[in-house]
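Participant: mmCIF, C-alpha atoms, saved as structure-v9.cif, coming up:
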data_final
loop_
_atom_site.group_PDB
_atom_site.id
_atom_site.type_symbol
_atom_site.label_atom_id
_atom_site.label_comp_id
_atom_site.auth_asym_id
_atom_site.auth_seq_id
_atom_site.Cartn_x
_atom_site.Cartn_y
_atom_site.Cartn_z
ATOM 1 C CA MET A 1 11.706 7.923 -74.456
ATOM 2 C CA LEU A 2 13.532 8.937 -71.391
ATOM 3 C CA PHE A 3 13.487 6.860 -68.308
ATOM 4 C CA THR A 4 13.721 8.744 -65.114
ATOM 5 C CA LEU A 5 15.069 7.171 -62.037
ATOM 6 C CA LYS A 6 12.959 7.828 -58.977
ATOM 7 C CA ILE A 7 14.658 7.495 -55.631
ATOM 8 C CA LYS A 8 12.375 6.745 -52.762
ATOM 9 C CA HIS A 9 12.996 8.698 -49.665
ATOM 10 C CA ILE A 10 13.255 6.280 -46.733
ATOM 11 C CA ASN A 11 11.854 7.680 -43.556
ATOM 12 C CA GLY A 12 13.124 6.275 -40.280
ATOM 13 C CA PHE A 13 14.495 7.208 -36.916
ATOM 14 C CA THR A 14 17.491 9.411 -36.590
ATOM 15 C CA PHE A 15 20.386 8.431 -34.403
ATOM 16 C CA LEU A 16 19.387 11.034 -31.823
ATOM 17 C CA GLU A 17 15.834 9.704 -31.616
ATOM 18 C CA LEU A 18 17.119 6.150 -31.068
ATOM 19 C CA LEU A 19 19.466 7.370 -28.332
ATOM 20 C CA ILE A 20 16.583 9.110 -26.538
ATOM 21 C CA ILE A 21 14.410 5.977 -26.707
ATOM 22 C CA ILE A 22 17.219 3.789 -25.374
ATOM 23 C CA SER A 23 17.890 6.286 -22.556
ATOM 24 C CA ILE A 24 14.219 6.404 -21.535
ATOM 25 C CA THR A 25 14.035 2.581 -21.577
ATOM 26 C CA GLY A 26 17.138 2.387 -19.377
ATOM 27 C CA ILE A 27 15.749 4.899 -16.868
ATOM 28 C CA ILE A 28 12.432 3.010 -16.632
ATOM 29 C CA SER A 29 14.332 -0.258 -16.106
ATOM 30 C CA LEU A 30 16.434 1.245 -13.318
ATOM 31 C CA ILE A 31 13.363 2.623 -11.579
ATOM 32 C CA SER A 32 11.352 -0.614 -11.814
ATOM 33 C CA TYR A 33 14.125 -3.093 -10.877
ATOM 34 C CA PRO A 34 13.814 -2.775 -7.056
ATOM 35 C CA TYR A 35 10.037 -3.156 -7.288
ATOM 36 C CA LEU A 36 10.339 -6.265 -9.480
ATOM 37 C CA ASN A 37 12.943 -7.722 -7.111
ATOM 38 C CA THR A 38 10.552 -7.207 -4.168
ATOM 39 C CA LEU A 39 7.750 -8.872 -6.128
ATOM 40 C CA LYS A 40 10.025 -11.855 -6.804
ATOM 41 C CA LYS A 41 10.864 -12.251 -3.093
ATOM 42 C CA ASP A 42 7.185 -11.980 -2.143
ATOM 43 C CA TYR A 43 6.266 -14.563 -4.767
ATOM 44 C CA ILE A 44 8.910 -17.000 -3.484
ATOM 45 C CA LEU A 45 7.553 -16.638 0.076
ATOM 46 C CA TYR A 46 3.989 -17.162 -1.181
ATOM 47 C CA LYS A 47 5.053 -20.200 -3.237
ATOM 48 C CA GLU A 48 6.931 -21.843 -0.350
ATOM 49 C CA THR A 49 3.974 -21.472 2.040
ATOM 50 C CA SER A 50 1.465 -22.596 -0.594
ATOM 51 C CA ASP A 51 3.611 -25.623 -1.420
ATOM 52 C CA LEU A 52 3.848 -26.586 2.256
ATOM 53 C CA LEU A 53 0.083 -26.214 2.684
ATOM 54 C CA MET A 54 -0.514 -28.463 -0.314
ATOM 55 C CA ARG A 55 2.046 -31.016 0.916
ATOM 56 C CA LEU A 56 0.545 -31.143 4.417
ATOM 57 C CA GLN A 57 -2.949 -31.609 2.982
ATOM 58 C CA ASN A 58 -1.554 -34.354 0.755
ATOM 59 C CA ALA A 59 0.125 -35.975 3.791
ATOM 60 C CA ARG A 60 -3.207 -35.940 5.601
ATOM 61 C CA ASP A 61 -4.873 -37.592 2.592
ATOM 62 C CA ILE A 62 -2.140 -40.260 2.429
ATOM 63 C CA ALA A 63 -2.600 -41.016 6.143
ATOM 64 C CA ILE A 64 -6.311 -41.617 5.566
ATOM 65 C CA ARG A 65 -5.902 -43.519 2.300
ATOM 66 C CA ASP A 66 -3.041 -45.794 3.433
ATOM 67 C CA ASN A 67 -4.274 -46.128 7.034
ATOM 68 C CA CYS A 68 -0.933 -44.997 8.452
ATOM 69 C CA VAL A 69 0.704 -42.231 10.505
ATOM 70 C CA ILE A 70 2.387 -39.395 8.580
ATOM 71 C CA ASN A 71 4.843 -37.059 10.332
ATOM 72 C CA ALA A 72 6.088 -33.668 9.218
ATOM 73 C CA VAL A 73 9.320 -32.569 10.905
ATOM 74 C CA PHE A 74 10.498 -28.959 10.570
ATOM 75 C CA LYS A 75 14.167 -28.045 10.983
ATOM 76 C CA THR A 76 14.267 -24.269 11.355
ATOM 77 C CA SER A 77 18.067 -24.067 11.599
ATOM 78 C CA GLU A 78 18.343 -25.638 8.136
ATOM 79 C CA SER A 79 15.145 -24.096 6.690
ATOM 80 C CA LYS A 80 13.919 -27.502 5.603
ATOM 81 C CA TYR A 81 11.205 -30.017 6.344
ATOM 82 C CA ILE A 82 10.662 -33.705 5.793
ATOM 83 C CA ILE A 83 7.315 -35.482 5.524
ATOM 84 C CA PHE A 84 7.354 -39.245 6.005
ATOM 85 C CA GLU A 85 5.350 -42.292 7.027
ATOM 86 C CA ASP A 86 6.383 -43.131 10.571
ATOM 87 C CA THR A 87 6.232 -46.946 10.420
ATOM 88 C CA ASN A 88 7.480 -47.556 13.975
ATOM 89 C CA ASN A 89 5.814 -44.532 15.666
ATOM 90 C CA ASP A 90 9.044 -43.121 17.110
ATOM 91 C CA ASN A 91 8.403 -39.590 15.737
ATOM 92 C CA SER A 92 11.703 -39.491 13.847
ATOM 93 C CA PHE A 93 12.749 -40.343 10.320
ATOM 94 C CA ASN A 94 14.953 -43.424 10.145
ATOM 95 C CA THR A 95 15.531 -46.466 7.959
ATOM 96 C CA GLY A 96 12.348 -48.301 7.226
ATOM 97 C CA ASP A 97 10.245 -45.105 7.154
ATOM 98 C CA ARG A 98 8.811 -44.091 3.781
ATOM 99 C CA LYS A 99 9.922 -40.575 2.809
ATOM 100 C CA ILE A 100 7.195 -38.609 1.067
ATOM 101 C CA ILE A 101 9.201 -35.417 0.571
ATOM 102 C CA GLU A 102 12.228 -33.627 1.924
ATOM 103 C CA HIS A 103 12.352 -29.960 0.952
ATOM 104 C CA ILE A 104 14.901 -27.188 1.503
ATOM 105 C CA LEU A 105 13.428 -23.701 1.214
ATOM 106 C CA HIS A 106 14.552 -21.213 -1.423
ATOM 107 C CA SER A 107 17.284 -18.850 -0.208
ATOM 108 C CA ASP A 108 14.885 -15.859 -0.316
ATOM 109 C CA ALA A 109 12.546 -17.501 2.213
ATOM 110 C CA TYR A 110 13.469 -19.022 5.508
ATOM 111 C CA MET A 111 11.699 -20.812 8.319
ATOM 112 C CA TYR A 112 12.228 -19.013 11.609
ATOM 113 C CA GLU A 113 9.787 -20.756 13.951
ATOM 114 C CA ALA A 114 8.056 -24.126 14.157
ATOM 115 C CA SER A 115 6.059 -24.967 17.247
ATOM 116 C CA PHE A 116 3.532 -27.769 17.638
ATOM 117 C CA GLY A 117 1.993 -29.148 20.799
ATOM 118 C CA THR A 118 4.354 -28.704 23.704
ATOM 119 C CA GLY A 119 7.134 -26.928 21.825
ATOM 120 C CA GLN A 120 7.750 -29.741 19.370
ATOM 121 C CA ASN A 121 8.993 -29.042 15.858
ATOM 122 C CA GLN A 122 6.668 -31.552 14.213
ATOM 123 C CA THR A 123 3.078 -32.442 13.555
ATOM 124 C CA LYS A 124 1.515 -35.748 12.582
ATOM 125 C CA PHE A 125 -1.639 -37.052 10.956
ATOM 126 C CA ASP A 126 -3.166 -40.336 12.047
ATOM 127 C CA GLN A 127 -5.283 -42.842 10.107
ATOM 128 C CA ARG A 128 -8.375 -40.625 10.457
ATOM 129 C CA GLY A 129 -6.525 -37.520 9.230
ATOM 130 C CA SER A 130 -6.534 -36.019 12.709
ATOM 131 C CA SER A 131 -3.587 -34.009 13.929
ATOM 132 C CA SER A 132 -2.472 -34.623 17.489
ATOM 133 C CA HIS A 133 -0.057 -31.684 17.403
ATOM 134 C CA LEU A 134 -1.616 -28.273 16.773
ATOM 135 C CA GLY A 135 0.687 -25.392 16.043
ATOM 136 C CA HIS A 136 2.404 -23.361 13.369
ATOM 137 C CA VAL A 137 5.376 -22.886 11.057
ATOM 138 C CA TYR A 138 6.405 -19.305 10.306
ATOM 139 C CA PHE A 139 8.351 -18.105 7.268
ATOM 140 C CA LYS A 140 10.008 -14.799 6.466
ATOM 141 C CA ASN A 141 11.639 -13.399 3.354
ATOM 142 C CA SER A 142 14.492 -10.922 3.059
ATOM 143 C CA GLY A 143 11.931 -8.197 2.321
ATOM 144 C CA CYS A 144 10.484 -8.543 5.863
ATOM 145 C CA LYS A 145 7.213 -10.171 4.782
ATOM 146 C CA TYR A 146 5.796 -12.990 6.898
ATOM 147 C CA LYS A 147 3.653 -16.028 6.107
ATOM 148 C CA GLY A 148 2.681 -18.945 8.283
ATOM 149 C CA ILE A 149 1.060 -22.350 8.119
ATOM 150 C CA VAL A 150 -1.225 -23.120 11.049
ATOM 151 C CA VAL A 151 -2.651 -26.512 11.967
ATOM 152 C CA ARG A 152 -5.554 -25.193 13.986
ATOM 153 C CA SER A 153 -7.821 -28.098 14.818
ATOM 154 C CA LEU A 154 -7.615 -31.744 15.776
ATOM 155 C CA ALA A 155 -9.500 -32.488 12.565
ATOM 156 C CA GLY A 156 -6.357 -31.492 10.650
ATOM 157 C CA ASN A 157 -7.579 -28.096 9.408
ATOM 158 C CA ILE A 158 -4.568 -26.285 7.896
ATOM 159 C CA VAL A 159 -4.556 -22.612 6.863
ATOM 160 C CA ILE A 160 -2.126 -19.940 5.651
ATOM 161 C CA LYS A 161 -1.738 -16.813 7.792
ATOM 162 C CA SER A 162 -0.046 -13.497 6.952
ATOM 163 C CA SER A 163 1.660 -10.851 9.043
ATOM 164 C CA HIS A 164 3.480 -7.576 8.503
ATOM 165 C CA ASP A 165 5.480 -7.695 11.721
ATOM 166 C CA GLY A 166 5.732 -11.403 12.564
ATOM 167 C CA LYS A 167 3.699 -10.926 15.756
ATOM 168 C CA THR A 168 0.126 -10.167 14.702
ATOM 169 C CA TRP A 169 -1.332 -12.808 12.389
ATOM 170 C CA ASN A 170 -4.536 -12.682 10.352
#
How does this structure look as structure tokens?
Facilitator:
Amino acid sequence: MLFTLKIKHINGFTFLELLIIISITGIISLISYPYLNTLKKDYILYKETSDLLMRLQNARDIAIRDNCVINAVFKTSESKYIIFEDTNNDNSFNTGDRKIIEHILHSDAYMYEASFGTGQNQTKFDQRGSSSHLGHVYFKNSGCKYKGIVVRSLAGNIVIKSSHDGKTWN
């Protein structure tokens, strides 16, 4: 009885086929990178404005719940804001005031305008949740997209607005 040795033929990719696949993958990556980078910048702008909206609504709720005055001060030169309980009603954060949050924006989004009431850079919510300072905070990313937070009624109604040029808001 003779035993024959059978060698299986292994099918796979040739070196040339692998090189072509790697080249095509690299080309697709190079083409899609700028688009993905733009999406990231747009997402950061969206996230910063959404976070501020949520934090302002939360500040309004705290003012009602704790029967206190909550201020939100916006520092455009530093691209940051601070939300705090103003215990002595002096409209500035100092010792004795309870800090709710202090936030510095991501480097791909910056605050370029904050205007409330008569040119002030802050808004406040009283014990009823009312805002005595109506106005807006505008953000921009490095991709020239614009978002804004608008306090548009004395009842403390806060909304997000968008713009393509920073002048016309919808």
Participant: Using all atoms listed in the file, which protein or nucleic acid residues come within 8 Å of stretch 134-137 of chain A? Drop anything in the same chain fewer than 5 positions from it, and give the result as a ChimeraX atom specification.
Facilitator: /A:74,111-117,123,148-154
Participant: Find the spatial neighbours of stretch 94-109 of chain A, counting only C-alpha atoms, within a cut-off of 10 Å - ignore same-chain residues fewer than 3 positions away - and output them as number ranges by chain.
Facilitator: A: 40-49, 52, 55, 58-59, 62, 70-75, 78-91, 112, 139-147
Participant: Between atom CA of A:Asp126 and atom CA of A:Val69, measure the distance and give it in Å to one decimal.
Facilitator: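 So the two atoms, atom CA of A:Asp126 and atom CA of A:Val69, lie 4.6 Å apart.
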Participant: Would you work out the distance separating atom CA of A:Ile28 from atom CA of A:Thr14, expressed in Å to one decimal?
Facilitator: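 If I compute the distance from atom CA of A:Ile28 to atom CA of A:Thr14, I get 21.6 Å.
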Participant: Would you work out the distance separating atom CA of A:Asp66 from atom CA of A:Phe125, expressed in Å to one decimal?
Facilitator: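 Between atom CA of A:Asp66 and atom CA of A:Phe125 the gap works out to 11.6 Å.
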Participant: Just checking: using all atoms listed in the file, which residue out of A:Leu56, A:Leu36, A:Leu19, A:Ile31 ends up closest to A:Gln122?
Facilitator: A:Leu56
